[in-house]
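Asker: For reference, this is input_10.json, and it has JSON, C-alpha atoms and all ligand atoms.
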[["chain", "number", "residue", "atom", "x", "y", "z"],
["A", 5, "LEU", "CA", -6.23, -25.28, 6.22],
["A", 6, "ILE", "CA", -3.43, -27.81, 5.80],
["A", 7, "ILE", "CA", -1.12, -24.90, 5.19],
["A", 8, "GLU", "CA", -2.39, -23.06, 8.25],
["A", 9, "ASN", "CA", -1.79, -26.08, 10.50],
["A", 10, "SER", "CA", 1.72, -26.69, 9.26],
["A", 11, "LEU", "CA", 2.55, -22.99, 9.41],
["A", 12, "HIS", "CA", 2.28, -23.28, 13.21],
["A", 13, "ARG", "CA", 5.05, -25.89, 13.21],
["A", 14, "ALA", "CA", 7.21, -24.62, 10.38],
["A", 15, "LEU", "CA", 9.43, -22.44, 12.54],
["A", 16, "GLU", "CA", 10.29, -25.10, 15.12],
["A", 17, "ARG", "CA", 10.75, -27.64, 12.32],
["A", 18, "GLY", "CA", 13.28, -25.41, 10.63],
["A", 19, "GLU", "CA", 11.39, -25.25, 7.34],
["A", 20, "PHE", "CA", 11.98, -21.55, 6.67],
["A", 21, "VAL", "CA", 14.98, -20.24, 4.77],
["A", 22, "VAL", "CA", 16.04, -16.65, 4.20],
["A", 23, "TYR", "CA", 17.01, -15.69, 0.64],
["A", 24, "TYR", "CA", 18.90, -12.51, -0.21],
["A", 25, "GLN", "CA", 18.43, -10.21, -3.19],
["A", 26, "PRO", "CA", 21.01, -7.51, -3.98],
["A", 27, "GLN", "CA", 20.30, -3.81, -4.34],
["A", 28, "VAL", "CA", 22.81, -2.28, -6.71],
["A", 29, "ASN", "CA", 24.31, 1.17, -7.18],
["A", 30, "THR", "CA", 24.49, 1.09, -10.98],
["A", 31, "ILE", "CA", 26.90, 4.03, -11.22],
["A", 32, "ALA", "CA", 29.51, 2.46, -8.96],
["A", 33, "GLY", "CA", 28.58, -1.05, -10.10],
["A", 34, "GLU", "CA", 28.43, -2.18, -6.50],
["A", 35, "ILE", "CA", 26.09, -4.14, -4.29],
["A", 36, "ILE", "CA", 25.07, -1.72, -1.55],
["A", 37, "GLN", "CA", 22.42, -3.74, 0.24],
["A", 38, "MET", "CA", 20.72, -7.14, 0.38],
["A", 39, "GLU", "CA", 17.00, -7.63, 1.02],
["A", 40, "ALA", "CA", 16.10, -10.61, 3.19],
["A", 41, "LEU", "CA", 13.14, -12.54, 1.73],
["A", 42, "ILE", "CA", 11.70, -15.54, 3.52],
["A", 43, "ARG", "CA", 11.10, -18.87, 1.76],
["A", 44, "TRP", "CA", 9.15, -21.88, 3.07],
["A", 45, "GLN", "CA", 10.28, -25.35, 2.06],
["A", 46, "HIS", "CA", 7.38, -27.57, 3.11],
["A", 47, "PRO", "CA", 8.35, -31.28, 3.50],
["A", 48, "THR", "CA", 5.49, -32.60, 1.33],
["A", 49, "LEU", "CA", 3.91, -29.61, -0.39],
["A", 50, "GLY", "CA", 7.28, -28.29, -1.51],
["A", 51, "PHE", "CA", 8.04, -24.64, -1.96],
["A", 52, "ILE", "CA", 5.28, -22.32, -0.74],
["A", 53, "SER", "CA", 5.46, -18.69, -1.84],
["A", 54, "PRO", "CA", 5.53, -15.96, 0.79],
["A", 55, "ALA", "CA", 2.78, -14.27, -1.22],
["A", 56, "THR", "CA", 0.61, -17.20, 0.01],
["A", 57, "PHE", "CA", 1.77, -17.71, 3.58],
["A", 58, "ILE", "CA", 2.72, -14.19, 4.72],
["A", 59, "PRO", "CA", -0.92, -13.01, 4.60],
["A", 60, "LEU", "CA", -1.89, -16.12, 6.58],
["A", 61, "ALA", "CA", 0.93, -15.53, 9.05],
["A", 62, "GLU", "CA", -0.34, -11.98, 9.46],
["A", 63, "GLU", "CA", -3.92, -13.11, 10.12],
["A", 64, "THR", "CA", -2.89, -15.70, 12.67],
["A", 65, "GLY", "CA", -0.26, -13.53, 14.36],
["A", 66, "LEU", "CA", 2.44, -16.08, 13.50],
["A", 67, "ILE", "CA", 4.21, -13.29, 11.61],
["A", 68, "VAL", "CA", 5.46, -12.05, 14.98],
["A", 69, "PRO", "CA", 7.74, -15.02, 15.80],
["A", 70, "ILE", "CA", 8.45, -15.62, 12.10],
["A", 71, "GLY", "CA", 9.41, -11.97, 11.55],
["A", 72, "GLU", "CA", 11.67, -12.07, 14.59],
["A", 73, "TRP", "CA", 13.37, -15.18, 13.22],
["A", 74, "VAL", "CA", 13.92, -13.53, 9.82],
["A", 75, "LEU", "CA", 15.39, -10.43, 11.47],
["A", 76, "ARG", "CA", 17.74, -12.48, 13.63],
["A", 77, "THR", "CA", 18.83, -14.68, 10.72],
["A", 78, "ALA", "CA", 19.41, -11.69, 8.45],
["A", 79, "CYS", "CA", 21.38, -9.68, 11.04],
["A", 80, "ARG", "CA", 23.50, -12.73, 11.89],
["A", 81, "GLN", "CA", 24.19, -13.28, 8.19],
["A", 82, "ASN", "CA", 25.18, -9.67, 7.62],
["A", 83, "LYS", "CA", 27.57, -9.77, 10.58],
["A", 84, "ALA", "CA", 29.06, -12.99, 9.19],
["A", 85, "TRP", "CA", 29.65, -11.27, 5.82],
["A", 86, "GLN", "CA", 31.44, -8.43, 7.58],
["A", 87, "ASP", "CA", 33.49, -10.81, 9.70],
["A", 88, "ALA", "CA", 34.51, -12.61, 6.50],
["A", 89, "GLY", "CA", 36.00, -9.33, 5.25],
["A", 90, "LEU", "CA", 33.41, -8.57, 2.57],
["A", 91, "PRO", "CA", 32.68, -4.88, 1.93],
["A", 92, "PRO", "CA", 30.11, -3.78, 4.54],
["A", 93, "ILE", "CA", 26.57, -3.47, 3.21],
["A", 94, "ARG", "CA", 23.15, -2.97, 4.74],
["A", 95, "ILE", "CA", 20.61, -5.72, 5.18],
["A", 96, "GLY", "CA", 16.97, -4.85, 4.45],
["A", 97, "VAL", "CA", 14.27, -6.65, 6.42],
["A", 98, "ASN", "CA", 10.51, -6.38, 5.79],
["A", 99, "LEU", "CA", 8.27, -5.62, 8.76],
["A", 100, "SER", "CA", 4.54, -6.31, 8.78],
["A", 101, "ALA", "CA", 1.73, -4.31, 10.38],
["A", 102, "ARG", "CA", 1.25, -6.96, 13.05],
["A", 103, "GLN", "CA", 4.80, -6.49, 14.25],
["A", 104, "PHE", "CA", 4.13, -2.77, 14.72],
["A", 105, "GLN", "CA", 1.36, -3.64, 17.16],
["A", 106, "GLN", "CA", 3.81, -5.40, 19.45],
["A", 107, "PRO", "CA", 4.71, -3.14, 22.36],
["A", 108, "ASN", "CA", 8.24, -4.54, 22.45],
["A", 109, "LEU", "CA", 9.15, -4.11, 18.76],
["A", 110, "VAL", "CA", 11.94, -1.62, 19.40],
["A", 111, "GLU", "CA", 13.44, -3.68, 22.24],
["A", 112, "MET", "CA", 13.22, -6.80, 20.11],
["A", 113, "VAL", "CA", 15.21, -5.15, 17.32],
["A", 114, "ALA", "CA", 17.73, -3.69, 19.79],
["A", 115, "GLN", "CA", 18.17, -7.12, 21.41],
["A", 116, "ILE", "CA", 18.82, -8.82, 18.08],
["A", 117, "LEU", "CA", 21.37, -6.17, 17.08],
["A", 118, "SER", "CA", 23.09, -6.63, 20.42],
["A", 119, "ASP", "CA", 22.98, -10.45, 20.26],
["A", 120, "THR", "CA", 24.36, -10.59, 16.72],
["A", 121, "GLY", "CA", 26.83, -7.73, 17.17],
["A", 122, "LEU", "CA", 25.58, -5.99, 14.01],
["A", 123, "ASN", "CA", 26.01, -2.22, 14.02],
["A", 124, "PRO", "CA", 22.53, -0.62, 13.63],
["A", 125, "GLN", "CA", 23.71, 1.40, 10.64],
["A", 126, "PHE", "CA", 23.86, -1.85, 8.66],
["A", 127, "LEU", "CA", 20.18, -2.64, 9.15],
["A", 128, "GLU", "CA", 17.30, -1.09, 7.20],
["A", 129, "LEU", "CA", 13.70, -1.91, 8.07],
["A", 130, "GLU", "CA", 11.21, -1.88, 5.17],
["A", 131, "ILE", "CA", 7.67, -0.81, 5.90],
["A", 132, "THR", "CA", 4.69, -0.27, 3.61],
["A", 133, "GLU", "CA", 2.48, 2.76, 3.35],
["A", 134, "SER", "CA", -0.41, 0.88, 4.93],
["A", 135, "ILE", "CA", 1.63, 0.33, 8.12],
["A", 136, "ALA", "CA", 2.43, 4.01, 8.25],
["A", 137, "MET", "CA", -1.26, 4.85, 7.83],
["A", 138, "GLN", "CA", -2.75, 2.44, 10.34],
["A", 139, "ASN", "CA", -1.68, 4.26, 13.45],
["A", 140, "ALA", "CA", 0.34, 7.21, 12.28],
["A", 141, "GLU", "CA", 1.30, 8.66, 15.66],
["A", 142, "LEU", "CA", 2.40, 5.35, 17.12],
["A", 143, "THR", "CA", 4.25, 4.41, 13.94],
["A", 144, "ARG", "CA", 6.00, 7.76, 13.92],
["A", 145, "SER", "CA", 7.20, 7.42, 17.51],
["A", 146, "ILE", "CA", 8.49, 3.90, 16.83],
["A", 147, "LEU", "CA", 10.29, 5.05, 13.69],
["A", 148, "MET", "CA", 11.84, 7.96, 15.59],
["A", 149, "GLU", "CA", 13.24, 5.47, 18.09],
["A", 150, "PHE", "CA", 14.78, 3.44, 15.26],
["A", 151, "GLU", "CA", 16.17, 6.67, 13.84],
["A", 152, "ARG", "CA", 17.82, 7.46, 17.19],
["A", 153, "MET", "CA", 19.30, 3.96, 17.29],
["A", 154, "GLY", "CA", 20.80, 4.49, 13.83],
["A", 155, "VAL", "CA", 18.61, 1.93, 12.06],
["A", 156, "GLY", "CA", 17.54, 2.90, 8.52],
["A", 157, "ILE", "CA", 13.91, 2.99, 7.42],
["A", 158, "ALA", "CA", 12.66, 2.33, 3.89],
["A", 159, "MET", "CA", 9.21, 2.97, 2.51],
["A", 160, "ASP", "CA", 8.48, -0.18, 0.52],
["A", 161, "ASP", "CA", 6.12, -0.55, -2.47],
["A", 162, "PHE", "CA", 6.03, 3.25, -2.73],
["A", 163, "GLY", "CA", 3.16, 4.56, -4.79],
["A", 164, "THR", "CA", 0.75, 1.67, -4.30],
["A", 165, "GLY", "CA", -0.87, 2.71, -1.03],
["A", 166, "TYR", "CA", -2.37, 5.94, 0.16],
["A", 167, "SER", "CA", 0.85, 7.74, -0.62],
["A", 168, "SER", "CA", 0.19, 10.79, 1.46],
["A", 169, "LEU", "CA", 3.19, 12.97, 0.82],
["A", 170, "GLY", "CA", 2.82, 14.33, 4.33],
["A", 171, "TYR", "CA", 4.23, 11.06, 5.65],
["A", 172, "LEU", "CA", 7.45, 11.55, 3.76],
["A", 173, "LYS", "CA", 8.03, 14.71, 5.73],
["A", 174, "LYS", "CA", 6.73, 13.44, 9.03],
["A", 175, "PHE", "CA", 8.46, 10.06, 9.18],
["A", 176, "PRO", "CA", 12.23, 9.56, 9.26],
["A", 177, "PHE", "CA", 12.59, 7.61, 6.01],
["A", 178, "HIS", "CA", 15.98, 7.16, 4.40],
["A", 179, "THR", "CA", 14.86, 5.25, 1.33],
["A", 180, "LEU", "CA", 11.94, 5.09, -1.09],
["A", 181, "LYS", "CA", 11.48, 1.82, -2.93],
["A", 182, "ILE", "CA", 9.46, 2.44, -6.10],
["A", 183, "ASP", "CA", 6.98, -0.36, -6.53],
["A", 184, "GLN", "CA", 7.53, -2.83, -9.38],
["A", 185, "SER", "CA", 4.19, -1.93, -10.93],
["A", 186, "PHE", "CA", 5.60, 1.45, -12.05],
["A", 187, "VAL", "CA", 8.83, -0.10, -13.35],
["A", 188, "ARG", "CA", 7.50, -3.07, -15.29],
["A", 189, "ASP", "CA", 5.99, -1.20, -18.27],
["A", 190, "LEU", "CA", 8.29, 1.81, -18.17],
["A", 191, "ILE", "CA", 9.56, 1.22, -21.70],
["A", 192, "THR", "CA", 6.11, 1.45, -23.26],
["A", 193, "ASN", "CA", 4.12, 3.54, -20.80],
["A", 194, "PRO", "CA", 4.81, 7.30, -20.75],
["A", 195, "ASN", "CA", 2.64, 7.66, -17.64],
["A", 196, "ASP", "CA", 5.03, 5.42, -15.74],
["A", 197, "VAL", "CA", 7.94, 7.52, -16.98],
["A", 198, "ALA", "CA", 6.21, 10.62, -15.63],
["A", 199, "ILE", "CA", 5.50, 8.96, -12.28],
["A", 200, "ILE", "CA", 9.03, 7.66, -11.84],
["A", 201, "THR", "CA", 10.56, 10.98, -12.89],
["A", 202, "ALA", "CA", 8.44, 12.69, -10.24],
["A", 203, "ILE", "CA", 9.34, 10.17, -7.52],
["A", 204, "ILE", "CA", 13.04, 10.54, -8.28],
["A", 205, "ALA", "CA", 12.81, 14.34, -8.13],
["A", 206, "LEU", "CA", 10.90, 14.05, -4.87],
["A", 207, "GLY", "CA", 13.56, 11.76, -3.44],
["A", 208, "GLN", "CA", 16.35, 14.08, -4.50],
["A", 209, "GLY", "CA", 14.57, 17.07, -2.97],
["A", 210, "LEU", "CA", 13.94, 15.29, 0.32],
["A", 211, "ASN", "CA", 17.41, 13.74, 0.36],
["A", 212, "LEU", "CA", 16.11, 10.19, 0.21],
["A", 213, "LYS", "CA", 17.71, 7.27, -1.55],
["A", 214, "VAL", "CA", 15.36, 6.11, -4.32],
["A", 215, "VAL", "CA", 15.44, 2.45, -5.35],
["A", 216, "ALA", "CA", 13.63, 1.05, -8.39],
["A", 217, "GLU", "CA", 12.34, -2.46, -7.77],
["A", 218, "GLY", "CA", 11.58, -5.19, -10.29],
["A", 219, "VAL", "CA", 14.26, -4.26, -12.83],
["A", 220, "GLU", "CA", 14.26, -7.29, -15.13],
["A", 221, "THR", "CA", 16.08, -6.16, -18.28],
["A", 222, "GLU", "CA", 19.12, -4.18, -19.37],
["A", 223, "GLN", "CA", 16.84, -1.89, -21.35],
["A", 224, "LEU", "CA", 14.96, -0.99, -18.16],
["A", 225, "LYS", "CA", 18.21, -0.43, -16.34],
["A", 226, "GLU", "CA", 19.39, 1.95, -19.07],
["A", 227, "LEU", "CA", 16.13, 3.90, -19.14],
["A", 228, "LEU", "CA", 16.14, 4.25, -15.34],
["A", 229, "HIS", "CA", 19.72, 5.43, -15.61],
["A", 230, "THR", "CA", 18.62, 8.15, -18.02],
["A", 231, "LEU", "CA", 15.97, 9.17, -15.49],
["A", 232, "GLU", "CA", 18.78, 9.57, -12.91],
["A", 233, "CYS", "CA", 17.83, 6.57, -10.87],
["A", 234, "GLN", "CA", 21.04, 5.08, -9.45],
["A", 235, "HIS", "CA", 19.77, 2.36, -7.17],
["A", 236, "MET", "CA", 18.02, -0.70, -8.47],
["A", 237, "GLN", "CA", 16.89, -4.16, -7.47],
["A", 238, "GLY", "CA", 15.52, -6.91, -9.68],
["A", 239, "TYR", "CA", 16.03, -10.11, -11.61],
["A", 240, "PHE", "CA", 18.31, -8.39, -14.14],
["A", 241, "PHE", "CA", 20.94, -8.11, -11.41],
["A", 242, "SER", "CA", 19.99, -11.22, -9.45],
["A", 243, "ARG", "CA", 17.04, -13.23, -8.21],
["A", 244, "PRO", "CA", 16.81, -13.70, -4.45],
["A", 245, "LEU", "CA", 19.53, -16.24, -3.57],
["A", 246, "PRO", "CA", 20.29, -18.63, -0.73],
["A", 247, "ALA", "CA", 22.98, -17.29, 1.62],
["A", 248, "SER", "CA", 25.81, -19.31, 0.08],
["A", 249, "ASP", "CA", 25.09, -18.02, -3.45],
["A", 250, "ALA", "CA", 24.59, -14.47, -2.18],
["A", 251, "THR", "CA", 28.01, -14.71, -0.51],
["A", 252, "LYS", "CA", 29.61, -15.77, -3.81],
["A", 253, "LEU", "CA", 27.95, -12.89, -5.63],
["A", 254, "MET", "CA", 29.27, -10.40, -3.07],
["A", 255, "GLY", "CA", 32.76, -11.83, -3.48],
["A", 256, "GLN", "CA", 32.56, -11.45, -7.29],
["A", 257, "ALA", "CA", 31.20, -7.94, -7.13],
["A", 258, "ARG", "CA", 34.24, -6.74, -5.24],
["B", 301, "LIG", "O1", 10.11, -12.82, -2.10],
["B", 301, "LIG", "P1", 8.82, -12.45, -2.75],
["B", 301, "LIG", "O2", 8.45, -13.30, -3.48],
["B", 301, "LIG", "O3", 8.22, -13.43, -3.33],
["B", 301, "LIG", "O4", 7.87, -12.00, -1.52],
["B", 301, "LIG", "C1", 6.49, -11.88, -1.65],
["B", 301, "LIG", "C2", 5.97, -10.94, -0.59],
["B", 301, "LIG", "O5", 6.31, -11.42, 0.71],
["B", 301, "LIG", "C3", 6.57, -9.53, -0.71],
["B", 301, "LIG", "O6", 5.53, -8.60, -0.50],
["B", 301, "LIG", "C4", 7.55, -9.47, 0.42],
["B", 301, "LIG", "O7", 7.67, -8.14, 0.94],
["B", 301, "LIG", "C5", 6.92, -10.39, 1.45],
["B", 301, "LIG", "N1", 7.96, -10.93, 2.32],
["B", 301, "LIG", "C6", 9.02, -11.69, 2.00],
["B", 301, "LIG", "N2", 9.77, -11.96, 3.09],
["B", 301, "LIG", "C7", 9.15, -11.34, 4.13],
["B", 301, "LIG", "C8", 9.43, -11.24, 5.53],
["B", 301, "LIG", "O8", 10.42, -11.73, 6.06],
["B", 301, "LIG", "N3", 8.54, -10.53, 6.29],
["B", 301, "LIG", "C9", 7.44, -9.93, 5.75],
["B", 301, "LIG", "N4", 6.63, -9.26, 6.57],
["B", 301, "LIG", "N5", 7.16, -10.00, 4.44],
["B", 301, "LIG", "C10", 8.00, -10.69, 3.64],
["B", 302, "LIG", "O1", 7.05, -6.31, -1.39],
["B", 302, "LIG", "P1", 8.52, -6.37, -1.51],
["B", 302, "LIG", "O2", 9.07, -5.30, -2.38],
["B", 302, "LIG", "O3", 9.23, -6.50, -0.20],
["B", 302, "LIG", "O4", 8.82, -7.76, -2.22],
["B", 302, "LIG", "C1", 9.79, -7.95, -3.17],
["B", 302, "LIG", "C2", 9.23, -9.04, -4.07],
["B", 302, "LIG", "O5", 9.59, -8.80, -5.43],
["B", 302, "LIG", "C3", 9.75, -10.41, -3.75],
["B", 302, "LIG", "O6", 8.71, -11.25, -3.98],
["B", 302, "LIG", "C4", 10.84, -10.61, -4.79],
["B", 302, "LIG", "O7", 11.10, -11.98, -5.01],
["B", 302, "LIG", "C5", 10.18, -9.95, -5.98],
["B", 302, "LIG", "N1", 11.08, -9.49, -7.03],
["B", 302, "LIG", "C6", 12.33, -9.01, -6.89],
["B", 302, "LIG", "N2", 12.86, -8.64, -8.09],
["B", 302, "LIG", "C7", 11.90, -8.89, -9.01],
["B", 302, "LIG", "C8", 11.83, -8.73, -10.43],
["B", 302, "LIG", "O8", 12.76, -8.26, -11.10],
["B", 302, "LIG", "N3", 10.67, -9.10, -11.03],
["B", 302, "LIG", "C9", 9.61, -9.59, -10.33],
["B", 302, "LIG", "N4", 8.51, -9.94, -11.02],
["B", 302, "LIG", "N5", 9.64, -9.77, -9.00],
["B", 302, "LIG", "C10", 10.77, -9.43, -8.34],
["B", 303, "MN", "MN", 10.63, -5.20, 0.54],
["B", 304, "NA", "NA", 8.27, -3.55, -2.92]]
Could you render the structure as structure tokens?
Answerer:
Amino acid sequence: LIIENSLHRALERGEFVVYYQPQVNTIAGEIIQMEALIRWQHPTLGFISPATFIPLAEETGLIVPIGEWVLRTACRQNKAWQDAGLPPIRIGVNLSARQFQQPNLVEMVAQILSDTGLNPQFLELEITESIAMQNAELTRSILMEFERMGVGIAMDDFGTGYSSLGYLKKFPFHTLKIDQSFVRDLITNPNDVAIITAIIALGQGLNLKVVAEGVETEQLKELLHTLECQHMQGYFFSRPLPASDATKLMGQAR
């Protein structure tokens, strides 16, 4: 309850921070994208994990203004990186189901792109399977509008929801992010190898970029490489970083 009360004030009090985690093309050895991940620095309780407060923000509807703030912050940051002469990359931003129920979602995104001056091709919105399922027709029409604008769409946590393969055909996805739960035990679990092999083949067949999430070790990176997975994200490459550290990392990677 304490958390719920202070969540209402956190935005205006400036307690949220956006961290950035790189997505890497391991063949080229380049950072190709950054995922924006919100962090809450509470003045007395300290750091509160998004795994705790995002569900609460979704219940209370606060995810709507919070999500808008994250999107604006992330787009502004990406434009600043480009203006600083860093190699252009995409920024990935997570959207929640609640945001999809807002009638002005598409205008909100368009407004933020216009305000920040970020070209839509440098934004990718990450949605989960459950969002896609909740109101498939509405979701599809919203995603088609993003597609027309040039904004990329990623299916996040792929494999954990009701992965109806029909959605992959029906919705304009550009990217599949394989959930960490299939990556974690890849070394020891042949079932996970089979699942990931199948997802990668599916992605290749449908011309989707496939990203393995939660890559924590070099051994995992090598195995994924053998399975022809070229795009990865995880602690092995970098933890989510504050903007200043993410900027340094991008400078080094060049
Ligand atoms: O960064 P990580 O540790 O702890 O995030 C935990 C969960 O919170 C993940 O499921 C992630 O997708 C979600 N999350 C992080 N940042 C955002 C955000 O800006 N918006 C939404 N909707 N979810 C987020
Ligand atoms: O649900 P989504 O995929 O958007 O959330 C990404 C979550 O995964 C964030 O909480 C992020 O901090 C976390 N994460 C990123 N890389 C790793 C990793 O290598 N290992 C683990 N355990 N978590 C990771
Ligand atoms: Mn994500
Ligand atoms: Na994920």
Asker: Using all atoms listed in the file, which protein or nucleic acid residues are at most 8 Å from ligand LIG 302 (chain B), as a PyMOL selection string?
Answerer: chain A and resi 25+39+41+54-55+98+130+160-161+181+183-184+217-220+237-240+242-244
Asker: Closest to A:Val22 among A:Val187, A:Leu210, A:Cys79, A:Val68, using all atoms listed in the file?
Answerer: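 Smallest separation from A:Val22 among the options: A:Cys79.
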Asker: Counting all atoms listed in the file, which residues sit no farther than 12 Å from the position (15.6, 10.7, -13.8) in the file's frame? I'd like them as a ChimeraX atom specification.
Answerer: /A:196-208,214-216,225-235
Asker: So, counting only C-alpha atoms, which residue among A:Thr192, A:Asn139, A:Ser145, A:Gln81 is closest to A:Leu224?
Answerer: A:Thr192
Asker: Could you tell me which of A:Ser10, A:Ala40, A:Leu15, A:Leu117 comes closest to ligand MN 303 (chain B) if we count all atoms listed in the file?
Answerer: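 Looking at the shortest contact to ligand MN 303 (chain B), the residue is A:Ala40.
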Asker: Stretch 73-77 of chain A: which residues within 8 Å, counting only C-alpha atoms, same-chain residues fewer than 5 positions away excluded, as a PyMOL selection string?
Answerer: chain A and resi 22+40+42+97+113+116+120
Asker: Just give me the gap between atom CA of A:Val21 and atom CA of A:Glu151 in Å, one decimal is fine.
Answerer: 28.4 Å
Asker: Skip A:Ala250 itself and residues of its chain fewer than 4 positions away, then list as a PyMOL selection string all residues within 9 Å of it, counting only C-alpha atoms.
Answerer: chain A and resi 23-26+38+244-246+254-255
Asker: I'd like the box whose edges run along x, y and z of the file and which contains every listed atom of stretch 252-256 of chain A, padded by 6 Å per side; could you state its centre and edge lengths in Å, one decimal, as AutoDock Vina command-line options?
Answerer:
--center_x 30.4 --center_y -13.1 --center_z -5.2 --size_x 16.8 --size_y 17.4 --size_z 16.2
Asker: What does the distance from atom CA of A:Phe20 to atom NA of ligand NA 304 (chain B) come to in Å, to one decimal?
Answerer: 20.7 Å
Asker: Please identify all polymer residues within 8 Å of A:Leu147, counting all atoms listed in the file, omitting same-chain residues fewer than 2 positions from it, and present them as a PyMOL selection string.
Answerer: chain A and resi 143-145+149-151+157+175-176
Asker: With only C-alpha atoms and all ligand atoms as the atoms that count, which of A:Met137, A:Met153, A:Ile131, A:Ile191 lies nearest to ligand NA 304 (chain B)?
Answerer: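 Closest to ligand NA 304 (chain B), using only C-alpha atoms and all ligand atoms: A:Ile131.
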Asker: Counting all atoms listed in the file, which residue out of A:Ile35, A:Leu129, A:Leu5, A:Met159 sits closest to A:Ile93?
Answerer: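 The closest residue to A:Ile93 is A:Ile35.
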Asker: Find, counting all atoms listed in the file, the residue in A:Leu169, A:Ala114, A:Leu49, A:Ile70 that gets nearest to ligand LIG 301 (chain B).
Answerer: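 Comparing A:Leu169, A:Ala114, A:Leu49, A:Ile70 against ligand LIG 301 (chain B), the winner is A:Ile70.
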Asker: Could you tell me how far atom CA of A:Ile135 sits from atom CA of A:Arg152, in Å to one decimal place?
Answerer: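 Answer for the atom CA of A:Arg152 to atom CA of A:Ile135 separation: 19.9 Å.
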Asker: Can you pull out every residue within 10 Å of A:Glu62, counting all atoms listed in the file, but drop anything in the same chain fewer than 3 positions away, and send it as a count of residues only?
Answerer: 13
Asker: Would you list the residues near (28.0, -10.6, 8.5) (no more than 10 Å away, in the coordinates of the file, using all atoms listed in the file) as a PDB file with C-alpha atoms, in the frame of the given file?
Answerer:
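Saved as selection06.pdb:
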ATOM      1  CA  ALA A  78      19.410 -11.690   8.450  1.00  0.00           C
ATOM      2  CA  CYS A  79      21.380  -9.680  11.040  1.00  0.00           C
ATOM      3  CA  ARG A  80      23.500 -12.730  11.890  1.00  0.00           C
ATOM      4  CA  GLN A  81      24.190 -13.280   8.190  1.00  0.00           C
ATOM      5  CA  ASN A  82      25.180  -9.670   7.620  1.00  0.00           C
ATOM      6  CA  LYS A  83      27.570  -9.770  10.580  1.00  0.00           C
ATOM      7  CA  ALA A  84      29.060 -12.990   9.190  1.00  0.00           C
ATOM      8  CA  TRP A  85      29.650 -11.270   5.820  1.00  0.00           C
ATOM      9  CA  GLN A  86      31.440  -8.430   7.580  1.00  0.00           C
ATOM     10  CA  ASP A  87      33.490 -10.810   9.700  1.00  0.00           C
ATOM     11  CA  ALA A  88      34.510 -12.610   6.500  1.00  0.00           C
ATOM     12  CA  GLY A  89      36.000  -9.330   5.250  1.00  0.00           C
ATOM     13  CA  LEU A  90      33.410  -8.570   2.570  1.00  0.00           C
ATOM     14  CA  PRO A  91      32.680  -4.880   1.930  1.00  0.00           C
ATOM     15  CA  PRO A  92      30.110  -3.780   4.540  1.00  0.00           C
ATOM     16  CA  ILE A  93      26.570  -3.470   3.210  1.00  0.00           C
ATOM     17  CA  ARG A  94      23.150  -2.970   4.740  1.00  0.00           C
ATOM     18  CA  ILE A  95      20.610  -5.720   5.180  1.00  0.00           C
ATOM     19  CA  THR A 120      24.360 -10.590  16.720  1.00  0.00           C
ATOM     20  CA  GLY A 121      26.830  -7.730  17.170  1.00  0.00           C
ATOM     21  CA  LEU A 122      25.580  -5.990  14.010  1.00  0.00           C
ATOM     22  CA  PHE A 126      23.860  -1.850   8.660  1.00  0.00           C
ATOM     23  CA  THR A 251      28.010 -14.710  -0.510  1.00  0.00           C
TER      24      THR A 251
END
